[in-house]
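Enquirer: One file: input.cif (mmCIF, C-alpha atoms).
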data_entry
#
loop_
_atom_site.group_PDB
_atom_site.id
_atom_site.type_symbol
_atom_site.label_atom_id
_atom_site.label_comp_id
_atom_site.auth_asym_id
_atom_site.auth_seq_id
_atom_site.Cartn_x
_atom_site.Cartn_y
_atom_site.Cartn_z
ATOM 1 C CA MET A 29 196.858 85.554 22.399
ATOM 2 C CA GLY A 30 197.608 86.697 18.889
ATOM 3 C CA ASP A 31 195.214 87.905 16.241
ATOM 4 C CA GLU A 32 195.227 84.595 14.371
ATOM 5 C CA VAL A 33 191.719 83.403 13.540
ATOM 6 C CA LEU A 34 191.016 79.702 13.174
ATOM 7 C CA ARG A 35 188.520 79.254 10.330
ATOM 8 C CA ALA A 36 186.495 76.099 10.948
ATOM 9 C CA ASP A 37 184.854 74.371 7.991
ATOM 10 C CA ALA A 38 186.110 77.065 5.638
ATOM 11 C CA HIS A 39 184.161 75.589 2.727
ATOM 12 C CA LEU A 40 180.825 76.445 4.390
ATOM 13 C CA PRO A 41 179.112 79.863 4.167
ATOM 14 C CA ARG A 42 179.120 82.138 7.201
ATOM 15 C CA ALA A 43 176.078 83.472 9.053
ATOM 16 C CA GLU A 44 175.945 87.236 8.628
ATOM 17 C CA ALA A 45 175.280 89.759 11.365
ATOM 18 C CA GLY A 46 172.386 92.162 11.169
ATOM 19 C CA THR A 47 169.741 92.357 8.494
ATOM 20 C CA GLY A 48 171.405 94.701 6.012
ATOM 21 C CA SER A 49 172.776 93.661 2.645
ATOM 22 C CA GLY A 50 176.357 92.640 2.085
ATOM 23 C CA SER A 51 178.902 91.126 4.392
ATOM 24 C CA GLN A 52 178.854 92.735 7.829
ATOM 25 C CA ALA A 53 181.086 92.186 10.810
ATOM 26 C CA ARG A 54 179.759 89.443 13.034
ATOM 27 C CA ASN A 55 179.489 89.884 16.767
ATOM 28 C CA VAL A 56 182.007 87.887 18.774
ATOM 29 C CA VAL A 57 180.557 85.400 21.247
ATOM 30 C CA ASP A 58 182.775 84.985 24.326
ATOM 31 C CA VAL A 59 182.987 81.447 25.690
ATOM 32 C CA ALA A 60 184.728 80.211 28.850
ATOM 33 C CA VAL A 61 186.355 76.807 28.359
ATOM 34 C CA GLY A 62 187.757 74.553 31.073
ATOM 35 C CA VAL A 63 190.818 72.412 30.574
ATOM 36 C CA LEU A 64 190.348 70.182 33.616
ATOM 37 C CA LEU A 65 193.621 68.483 34.482
ATOM 38 C CA LEU A 66 194.278 65.512 36.753
ATOM 39 C CA PRO A 67 197.632 65.166 38.569
ATOM 40 C CA ASP A 68 198.633 62.365 36.168
ATOM 41 C CA GLY A 69 198.233 64.713 33.177
ATOM 42 C CA ARG A 70 194.928 63.428 31.850
ATOM 43 C CA PHE A 71 192.374 66.034 30.763
ATOM 44 C CA LEU A 72 188.592 65.959 30.450
ATOM 45 C CA LEU A 73 186.869 65.871 27.073
ATOM 46 C CA THR A 74 183.094 65.850 26.670
ATOM 47 C CA SER A 75 180.914 65.283 23.640
ATOM 48 C CA ARG A 76 178.555 67.974 22.390
ATOM 49 C CA PRO A 77 174.960 67.026 23.203
ATOM 50 C CA GLU A 78 172.312 66.154 20.649
ATOM 51 C CA GLY A 79 170.445 69.212 19.410
ATOM 52 C CA LYS A 80 173.477 71.513 19.538
ATOM 53 C CA VAL A 81 175.650 72.623 16.639
ATOM 54 C CA TYR A 82 178.427 70.064 16.073
ATOM 55 C CA ALA A 83 176.547 67.435 18.135
ATOM 56 C CA GLY A 84 178.746 64.431 18.861
ATOM 57 C CA TYR A 85 182.023 66.320 18.443
ATOM 58 C CA TRP A 86 184.470 66.143 21.356
ATOM 59 C CA GLU A 87 185.446 69.350 23.143
ATOM 60 C CA PHE A 88 186.622 70.833 26.395
ATOM 61 C CA PRO A 89 183.596 71.745 28.565
ATOM 62 C CA GLY A 90 182.367 75.297 29.064
ATOM 63 C CA GLY A 91 179.913 77.809 27.698
ATOM 64 C CA LYS A 92 178.943 81.373 26.884
ATOM 65 C CA LEU A 93 179.559 84.266 29.219
ATOM 66 C CA GLU A 94 176.424 85.960 30.474
ATOM 67 C CA ALA A 95 176.155 89.728 30.946
ATOM 68 C CA GLY A 96 178.343 90.922 33.810
ATOM 69 C CA GLU A 97 180.175 87.621 34.298
ATOM 70 C CA SER A 98 183.922 87.225 34.338
ATOM 71 C CA VAL A 99 185.429 84.291 32.463
ATOM 72 C CA ALA A 100 186.078 82.481 35.760
ATOM 73 C CA GLN A 101 182.507 83.056 36.972
ATOM 74 C CA ALA A 102 181.049 81.850 33.676
ATOM 75 C CA LEU A 103 183.229 78.763 33.714
ATOM 76 C CA ALA A 104 182.236 77.902 37.283
ATOM 77 C CA ARG A 105 178.537 78.299 36.397
ATOM 78 C CA GLU A 106 178.780 76.333 33.154
ATOM 79 C CA LEU A 107 180.741 73.435 34.659
ATOM 80 C CA HIS A 108 178.181 73.120 37.425
ATOM 81 C CA GLU A 109 175.225 73.298 35.028
ATOM 82 C CA GLU A 110 176.667 70.913 32.428
ATOM 83 C CA ILE A 111 178.769 68.395 34.331
ATOM 84 C CA GLY A 112 177.891 68.863 38.015
ATOM 85 C CA LEU A 113 181.278 70.028 39.281
ATOM 86 C CA VAL A 114 181.738 72.870 41.739
ATOM 87 C CA ILE A 115 184.605 75.170 40.833
ATOM 88 C CA ASP A 116 185.805 78.120 42.891
ATOM 89 C CA PRO A 117 186.449 80.967 40.406
ATOM 90 C CA ALA A 118 189.680 81.638 42.337
ATOM 91 C CA ASP A 119 190.913 78.197 41.210
ATOM 92 C CA VAL A 120 190.479 79.067 37.515
ATOM 93 C CA THR A 121 193.745 79.970 35.779
ATOM 94 C CA ALA A 122 193.374 81.967 32.558
ATOM 95 C CA TRP A 123 195.597 80.263 29.989
ATOM 96 C CA ARG A 124 195.072 81.142 26.324
ATOM 97 C CA GLU A 125 192.521 82.642 23.929
ATOM 98 C CA GLN A 126 191.602 81.602 20.414
ATOM 99 C CA LEU A 127 189.237 83.294 17.974
ATOM 100 C CA VAL A 128 187.345 80.699 15.931
ATOM 101 C CA ASP A 129 185.293 81.553 12.871
ATOM 102 C CA TYR A 130 182.612 78.853 12.741
ATOM 103 C CA PRO A 131 179.959 78.951 10.008
ATOM 104 C CA HIS A 132 177.264 79.702 12.638
ATOM 105 C CA ALA A 133 179.208 82.117 14.891
ATOM 106 C CA LEU A 134 182.434 83.980 15.516
ATOM 107 C CA VAL A 135 183.620 82.706 18.898
ATOM 108 C CA ARG A 136 186.376 83.887 21.242
ATOM 109 C CA LEU A 137 187.370 80.914 23.348
ATOM 110 C CA HIS A 138 188.867 81.763 26.738
ATOM 111 C CA PHE A 139 190.748 78.601 27.726
ATOM 112 C CA CYS A 140 191.371 78.184 31.437
ATOM 113 C CA LYS A 141 193.226 75.503 33.328
ATOM 114 C CA VAL A 142 191.380 73.986 36.278
ATOM 115 C CA GLN A 143 193.099 71.578 38.652
ATOM 116 C CA ARG A 144 190.762 71.776 41.670
ATOM 117 C CA TRP A 145 187.043 71.053 41.873
ATOM 118 C CA ARG A 146 184.485 69.383 44.107
ATOM 119 C CA GLY A 147 181.865 66.802 43.253
ATOM 120 C CA THR A 148 181.612 63.946 40.821
ATOM 121 C CA LEU A 149 180.991 64.134 37.101
ATOM 122 C CA GLN A 150 177.323 64.209 36.112
ATOM 123 C CA MET A 151 176.675 64.466 32.396
ATOM 124 C CA ARG A 152 173.557 66.628 32.788
ATOM 125 C CA GLU A 153 172.999 67.152 29.037
ATOM 126 C CA GLY A 154 173.330 63.505 28.033
ATOM 127 C CA GLN A 155 176.855 63.995 26.739
ATOM 128 C CA GLN A 156 179.705 61.502 27.008
ATOM 129 C CA HIS A 157 182.999 62.132 28.775
ATOM 130 C CA LEU A 158 186.515 60.809 28.700
ATOM 131 C CA TRP A 159 189.689 61.473 30.688
ATOM 132 C CA SER A 160 192.232 61.541 27.881
ATOM 133 C CA THR A 161 195.929 61.767 27.201
ATOM 134 C CA LEU A 162 197.721 62.727 24.017
ATOM 135 C CA PRO A 163 197.169 61.718 21.336
ATOM 136 C CA VAL A 164 193.399 61.665 21.840
ATOM 137 C CA GLN A 165 191.636 58.482 20.776
ATOM 138 C CA VAL A 166 188.211 59.990 20.036
ATOM 139 C CA ALA A 167 186.854 61.693 16.934
ATOM 140 C CA PRO A 168 185.677 63.996 15.645
ATOM 141 C CA VAL A 169 187.234 66.746 17.749
ATOM 142 C CA LEU A 170 185.656 70.208 17.619
ATOM 143 C CA PRO A 171 187.897 72.529 15.543
ATOM 144 C CA GLY A 172 188.172 75.017 18.414
ATOM 145 C CA ALA A 173 189.619 72.300 20.666
ATOM 146 C CA LEU A 174 192.432 71.368 18.281
ATOM 147 C CA PRO A 175 194.771 74.230 19.269
ATOM 148 C CA VAL A 176 194.516 73.135 22.918
ATOM 149 C CA LEU A 177 195.775 69.680 22.038
ATOM 150 C CA ALA A 178 198.770 71.261 20.290
ATOM 151 C CA TRP A 179 199.426 73.593 23.252
ATOM 152 C CA LEU A 180 199.297 70.671 25.692
ATOM 153 C CA ALA A 181 201.685 68.701 23.483
ATOM 154 C CA ASP A 182 204.073 71.682 23.388
ATOM 155 C CA GLU A 183 203.985 71.937 27.181
ATOM 156 C CA ASN A 184 204.619 68.207 27.545
ATOM 157 C CA ASN A 185 207.649 68.506 25.255
ATOM 158 C CA ALA A 186 209.082 71.611 26.940
#
Do you think you could lay out the structure here as structure tokens?
Expert:
Amino acid sequence: MGDEVLRADAHLPRAEAGTGSGSQARNVVDVAVGVLLLPDGRFLLTSRPEGKVYAGYWEFPGGKLEAGESVAQALARELHEEIGLVIDPADVTAWREQLVDYPHALVRLHFCKVQRWRGTLQMREGQQHLWSTLPVQVAPVLPGALPVLAWLADENNA
């Protein structure tokens, strides 16, 4: 995707990298994100669990890449750990990327479409879930998820 950076909560100070003085470049955290789609067009949103940054905000499920993992491998692992679904990495379709500058971290979100999985939803971190359509009826929505809603709307209108 482009070089556009989404600045979330721009009024809040940013965590700085390293221990030196002055503003230093922050390390980018890569995150695999699943846009799980049902044949009728609904998509899965989950709430961020208590104890995590932005707890209670709605997002698309996923998580950080671990060393040596591809985006598809990380997404398959995260979806199994967090919501109990089994995803074949071959069924993960890379879709879009978005760099998000949160106050706590600089995050590169790797959004992937997923239309095949096995198992039933199990909210293993105590989060809530919702199969949604546009416009979404839940709030607040995590800033990094907002572009996805716009992209889905654009696709629906194409």
Enquirer: Report the distance between CA of Val128 in chain A and CA of Val81 in chain A in Å, rounded to one decimal place.
Expert: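 Between these atoms lies a distance of 14.2 Å.
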Enquirer: Every residue with an atom at most 7 Å from (187.2, 80.5, 38.9) (file coordinates; all atoms listed in the file) is what I'm after, so could you write them as a ChimeraX atom specification?
Expert: /A:100-101,103-104,115-120
Enquirer: Write out the residues from the selection above, keeping C-alpha atoms, as a JSON list (two decimals), keeping the file's coordinate frame.
Expert:
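Output below, filename part_1.json:
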[["chain", "number", "residue", "atom", "x", "y", "z"],
["A", 100, "ALA", "CA", 186.08, 82.48, 35.76],
["A", 101, "GLN", "CA", 182.51, 83.06, 36.97],
["A", 103, "LEU", "CA", 183.23, 78.76, 33.71],
["A", 104, "ALA", "CA", 182.24, 77.90, 37.28],
["A", 115, "ILE", "CA", 184.60, 75.17, 40.83],
["A", 116, "ASP", "CA", 185.80, 78.12, 42.89],
["A", 117, "PRO", "CA", 186.45, 80.97, 40.41],
["A", 118, "ALA", "CA", 189.68, 81.64, 42.34],
["A", 119, "ASP", "CA", 190.91, 78.20, 41.21],
["A", 120, "VAL", "CA", 190.48, 79.07, 37.52]]
Enquirer: Kindly indicate which residue among A:His39, A:His138, A:Arg70, A:Arg144 lies nearest to Trp159 in chain A, using only C-alpha atoms for the distances.
Expert: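 Among the listed residues, the smallest separation from Trp159 in chain A belongs to A:Arg70.
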Enquirer: From (174.6, 68.8, 32.0), in the file's coordinates, out to 6 Å: which residues are reached, counting all atoms listed in the file? Answer as number ranges by chain.
Expert: A: 109-111, 151-153
Enquirer: Show me, as a ChimeraX atom specification, the residues that have an atom within 12 Å of Pro171 in chain A when counting only C-alpha atoms, minus same-chain residues fewer than 3 positions from it.
Expert: /A:33-38,82,85-88,126-131,135,137,167-168,174-178
Enquirer: Would you pick out the contacts of Ala122 in chain A at 10 Å or less, using only C-alpha atoms, so that residues sharing its chain but fewer than 3 positions from it are not included, and give the list as an MDAnalysis selection string?
Expert: chainID A and resid 60:62 99:100 119 125 138:142
Enquirer: Please write the residues from the selection above to a file, keeping C-alpha atoms, as a PDB file, keeping the file's coordinate frame.
Expert:
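Heads up, here's the output in part_36.pdb:
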ATOM      1  CA  ALA A  60     184.728  80.211  28.850  1.00  0.00           C
ATOM      2  CA  VAL A  61     186.355  76.807  28.359  1.00  0.00           C
ATOM      3  CA  GLY A  62     187.757  74.553  31.073  1.00  0.00           C
ATOM      4  CA  VAL A  99     185.429  84.291  32.463  1.00  0.00           C
ATOM      5  CA  ALA A 100     186.078  82.481  35.760  1.00  0.00           C
ATOM      6  CA  ASP A 119     190.913  78.197  41.210  1.00  0.00           C
ATOM      7  CA  GLU A 125     192.521  82.642  23.929  1.00  0.00           C
ATOM      8  CA  HIS A 138     188.867  81.763  26.738  1.00  0.00           C
ATOM      9  CA  PHE A 139     190.748  78.601  27.726  1.00  0.00           C
ATOM     10  CA  CYS A 140     191.371  78.184  31.437  1.00  0.00           C
ATOM     11  CA  LYS A 141     193.226  75.503  33.328  1.00  0.00           C
ATOM     12  CA  VAL A 142     191.380  73.986  36.278  1.00  0.00           C
TER      13      VAL A 142
END
Enquirer: CA of Leu40 in chain A and CA of His132 in chain A are how many Å apart?
Expert: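 Going from CA of Leu40 in chain A over to CA of His132 in chain A, I get 9.6 Å.
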Enquirer: So the first atom is CA of Leu170 in chain A and the second is CA of His108 in chain A; what is the distance between them in Å, to one decimal place?
Expert: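 Atom-to-atom, CA of Leu170 in chain A and CA of His108 in chain A are spaced 21.4 Å apart.
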Enquirer: Using all atoms listed in the file, which of A:Asp182, A:Val59, A:Leu134, A:Val164 sits nearest Ala43 in chain A?
Expert: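 Nearest to Ala43 in chain A: A:Leu134.
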Enquirer: Under the rule that only C-alpha atoms are counted, which of A:Ala133, A:Ala53, A:Leu158, A:Ala181 is the nearest residue to Pro89 in chain A?
Expert: A:Leu158
Enquirer: Can you turn the PyMOL selection byres ((chain A and resi 157) around 6) into a concrete residue list for this file, as a ChimeraX atom specification?
Expert: /A:73-74,156,158
Enquirer: Can you tell me, as AutoDock Vina command-line options, the centre and edge lengths (Å, one decimal) of the axis-aligned box enclosing all of range 77-83 of chain A's listed atoms after padding each side by 4 Å?
Expert:
--center_x 174.4 --center_y 69.4 --center_z 19.6 --size_x 16.0 --size_y 14.5 --size_z 15.1
